[in-house]
Amino acid sequence: EDVDEGALFRDILSQVNTWQAEPSVLRDRKHVNWLPERKASVQWNFWKRYRQYLEDEKNWPSVVTARLDKITDSTLGDMGNPAQHGQWDRRGMVVGEVQSGKTANYTGLICKAVAAAYKLIIVLAGMTNDLRSQTQGRLDAEFLGFESEVGKVHGSGSRIGVGLVDTPGQLIAHPLTYSSHDGDFRANKSANLQLGGSPLLLVVKKNTSVLKRILAWVENQGKVHPETGKKIVDGIPLLLLDDEADNASVNTKKEDEDPSQINKAIR
């Protein structure tokens, strides 16, 4: 047969090419990267388990997982130091091409963030139940290591994905949302889990009602400030990941008007 050598070359290249461009970064020059001083003292077992899963189960080349390791370290160092006392607020954006591995990127970042002592992880995953459930299922397999759907948690055979990778010790993180279609956040299902213990994961829709429920649940665990009378929650480092931040999260109103409801709830 006649062979289109150009097409054949591109097909083979798409299967074996592992080259990645270096990321370009714009950062606040005043920010001090806290990670180098703490890196040796942190047990990165969540990340080590995820990296082994990518290489053994997903057949990722080690050169790619090494690059993911480097990029997620850079991002984590640009974020706030969870061991820092007092109030702090760091915000940033990661931009990537379609199908460039952004979910793997933020999954690796979550693995490292919980090891560094971030206690509450909230992932805003689209506008629909389907997309939210899909994202939850991905994080079940690649971060939690077990099926989060109600009734299957801690059941026999519930371990999946990274949960099947042999690791020293037990890695514990609890979901407050579930992989079922209607598994979005409900405060009554979270009554037994308190902030400040094991890391908590929420994968939720960009929905005003859902975000307000989360805020009310968090505030109810706060302590009353003696001067203002308001409940204050402190000592709980939060990592809020807004997947596809250009969709629904942007304030669509003028600067001198009230922000749009989802934007306001996210803030």
# chains A, B, ... in the order shown; residues from 1 in each chain; ligands from 1
call {"tool": "residues_around", "arguments": {"residues": "region 165-168 of chain A", "least_positions_apart": "6", "cutoff": "12 Å", "atoms": "only C-alpha atoms", "output": "PyMOL selection string"}}
result
chain A and resi 43-57+141-146+159
call {"tool": "select_by_dssp", "arguments": {"residues": "region 90-145 of chain A", "states": "strand (DSSP E)", "output": "VMD selection string"}}
result
chain A and resid 120 to 125
call {"tool": "closest_residue", "arguments": {"among": "A:Lys39, A:Arg132, A:Arg91, A:Arg213", "to": "Asp243 (chain A)", "atoms": "only C-alpha atoms"}}
result
A:Arg132
call {"tool": "closest_residue", "arguments": {"among": "A:Thr252, A:Lys30, A:Pro61, A:Ser41", "to": "Val16 (chain A)", "atoms": "only C-alpha atoms"}}
result
A:Pro61
call {"tool": "closest_residue", "arguments": {"among": "A:Leu76, A:Ile12, A:Ile160, A:Ala187", "to": "Leu139 (chain A)", "atoms": "only C-alpha atoms"}}
result
A:Ile160
call {"tool": "atom_distance", "arguments": {"atom1": "CA of Gln99 (chain A)", "atom2": "CA of Ala113 (chain A)"}}
result
23.3 Å
call {"tool": "closest_residue", "arguments": {"among": "A:Ala265, A:Val224, A:Ile71, A:Ala248", "to": "Ala21 (chain A)", "atoms": "only C-alpha atoms"}}
result
A:Ile71
call {"tool": "residues_around", "arguments": {"residues": "Lys119 (chain A)", "least_positions_apart": "6", "cutoff": "8 Å", "atoms": "only C-alpha atoms", "output": "ChimeraX atom specification"}}
result
/A:195-200,236-238
call {"tool": "write_last_selection", "arguments": {"atoms": "N, CA and C atoms", "output": "compact mmCIF listing (two decimals), in the first residue's frame"}}
result
# COMPACT_ATOMS: atom_id res chain seq x y z
N LEU A 195 -13.58 20.90 60.84
CA LEU A 195 -12.40 21.54 60.28
C LEU A 195 -11.22 21.45 61.24
N GLY A 196 -10.04 21.27 60.67
CA GLY A 196 -8.83 21.29 61.47
C GLY A 196 -8.21 19.94 61.72
N GLY A 197 -8.93 18.86 61.42
CA GLY A 197 -8.38 17.52 61.58
C GLY A 197 -7.74 17.04 60.30
N SER A 198 -8.19 15.88 59.80
CA SER A 198 -7.68 15.37 58.53
C SER A 198 -8.14 16.29 57.40
N PRO A 199 -7.40 16.33 56.29
CA PRO A 199 -7.80 17.18 55.16
C PRO A 199 -9.19 16.82 54.66
N LEU A 200 -9.96 17.84 54.27
CA LEU A 200 -11.31 17.65 53.76
C LEU A 200 -11.37 18.11 52.31
N ILE A 236 -7.24 27.51 59.68
CA ILE A 236 -7.68 26.51 58.70
C ILE A 236 -7.23 26.95 57.31
N PRO A 237 -6.02 26.58 56.88
CA PRO A 237 -5.57 26.96 55.54
C PRO A 237 -6.49 26.37 54.46
N LEU A 238 -6.95 27.22 53.57
CA LEU A 238 -7.90 26.84 52.51
C LEU A 238 -7.24 26.93 51.14
call {"tool": "atom_distance", "arguments": {"atom1": "CA of Asn81 (chain A)", "atom2": "CA of Gln20 (chain A)"}}
result
28.2 Å
call {"tool": "residues_around", "arguments": {"residues": "Asn33 (chain A)", "least_positions_apart": "4", "cutoff": "9 Å", "atoms": "only C-alpha atoms", "output": "PyMOL selection string"}}
result
chain A and resi 37+74+76-81
call {"tool": "select_by_dssp", "arguments": {"residues": "region 89-180 of chain A", "states": "alpha helix (DSSP H)", "output": "JSON, numbers by chain"}}
result
{"A": [102, 103, 104, 105, 106, 107, 108, 109, 110, 111, 112, 113, 114, 115, 129, 130, 131, 132, 133, 134, 135, 136, 137, 138, 139]}
call {"tool": "write_last_selection", "arguments": {"atoms": "N, CA, C and O atoms", "output": "compact mmCIF listing (two decimals), in the first residue's frame"}}
result
# COMPACT_ATOMS: atom_id res chain seq x y z
N LYS A 102 -4.36 19.69 32.68
CA LYS A 102 -4.56 20.63 33.79
C LYS A 102 -5.19 19.94 35.02
O LYS A 102 -4.89 20.31 36.15
N THR A 103 -6.04 18.91 34.78
CA THR A 103 -6.60 18.20 35.93
C THR A 103 -5.51 17.43 36.66
O THR A 103 -5.46 17.42 37.90
N ALA A 104 -4.61 16.81 35.92
CA ALA A 104 -3.47 16.14 36.55
C ALA A 104 -2.61 17.15 37.29
O ALA A 104 -2.07 16.86 38.37
N ASN A 105 -2.49 18.35 36.73
CA ASN A 105 -1.69 19.40 37.36
C ASN A 105 -2.28 19.78 38.72
O ASN A 105 -1.57 19.80 39.73
N TYR A 106 -3.59 20.05 38.76
CA TYR A 106 -4.12 20.48 40.06
C TYR A 106 -4.33 19.30 41.01
O TYR A 106 -4.36 19.48 42.23
N THR A 107 -4.43 18.08 40.49
CA THR A 107 -4.47 16.91 41.37
C THR A 107 -3.13 16.75 42.07
O THR A 107 -3.07 16.51 43.29
N GLY A 108 -2.04 16.91 41.32
CA GLY A 108 -0.72 16.86 41.94
C GLY A 108 -0.53 17.97 42.96
O GLY A 108 0.06 17.77 44.03
N LEU A 109 -1.08 19.15 42.65
CA LEU A 109 -0.98 20.28 43.56
C LEU A 109 -1.76 19.99 44.85
O LEU A 109 -1.29 20.30 45.95
N ILE A 110 -2.93 19.38 44.74
CA ILE A 110 -3.71 19.01 45.93
C ILE A 110 -2.94 18.02 46.78
O ILE A 110 -2.88 18.15 48.01
N CYS A 111 -2.32 17.03 46.14
CA CYS A 111 -1.53 16.03 46.88
C CYS A 111 -0.44 16.71 47.71
O CYS A 111 -0.18 16.32 48.86
N LYS A 112 0.21 17.70 47.13
CA LYS A 112 1.28 18.39 47.84
C LYS A 112 0.73 19.37 48.88
O LYS A 112 1.32 19.54 49.95
N ALA A 113 -0.39 20.00 48.57
CA ALA A 113 -0.97 20.99 49.49
C ALA A 113 -1.40 20.35 50.81
O ALA A 113 -1.16 20.91 51.88
N VAL A 114 -2.04 19.19 50.74
CA VAL A 114 -2.49 18.55 51.99
C VAL A 114 -1.28 18.07 52.81
O VAL A 114 -1.32 18.10 54.04
N ALA A 115 -0.21 17.65 52.12
CA ALA A 115 1.00 17.25 52.85
C ALA A 115 1.61 18.45 53.56
O ALA A 115 2.17 18.32 54.67
N ASN A 129 -24.29 18.93 37.19
CA ASN A 129 -24.06 17.76 38.03
C ASN A 129 -23.15 16.75 37.35
O ASN A 129 -22.34 16.09 38.01
N ASP A 130 -23.29 16.60 36.04
CA ASP A 130 -22.48 15.63 35.31
C ASP A 130 -21.00 15.96 35.42
O ASP A 130 -20.17 15.09 35.70
N LEU A 131 -20.65 17.22 35.17
CA LEU A 131 -19.25 17.62 35.21
C LEU A 131 -18.70 17.54 36.63
O LEU A 131 -17.57 17.10 36.85
N ARG A 132 -19.51 17.96 37.60
CA ARG A 132 -19.07 17.87 39.00
C ARG A 132 -18.81 16.42 39.39
O ARG A 132 -17.78 16.09 40.00
N SER A 133 -19.75 15.52 39.03
CA SER A 133 -19.60 14.11 39.35
C SER A 133 -18.38 13.51 38.67
O SER A 133 -17.64 12.70 39.27
N GLN A 134 -18.14 13.91 37.43
CA GLN A 134 -16.98 13.41 36.68
C GLN A 134 -15.67 13.83 37.36
O GLN A 134 -14.74 13.03 37.50
N THR A 135 -15.61 15.10 37.78
CA THR A 135 -14.41 15.59 38.45
C THR A 135 -14.22 14.91 39.80
O THR A 135 -13.10 14.54 40.18
N GLN A 136 -15.32 14.70 40.53
CA GLN A 136 -15.23 13.99 41.82
C GLN A 136 -14.68 12.58 41.61
O GLN A 136 -13.81 12.12 42.35
N GLY A 137 -15.19 11.90 40.58
CA GLY A 137 -14.72 10.55 40.31
C GLY A 137 -13.23 10.51 39.99
O GLY A 137 -12.52 9.58 40.40
N ARG A 138 -12.78 11.51 39.27
CA ARG A 138 -11.34 11.58 38.93
C ARG A 138 -10.51 11.78 40.20
O ARG A 138 -9.47 11.12 40.39
N LEU A 139 -10.95 12.66 41.10
CA LEU A 139 -10.21 12.90 42.33
C LEU A 139 -10.34 11.74 43.32
O LEU A 139 -9.44 11.50 44.12
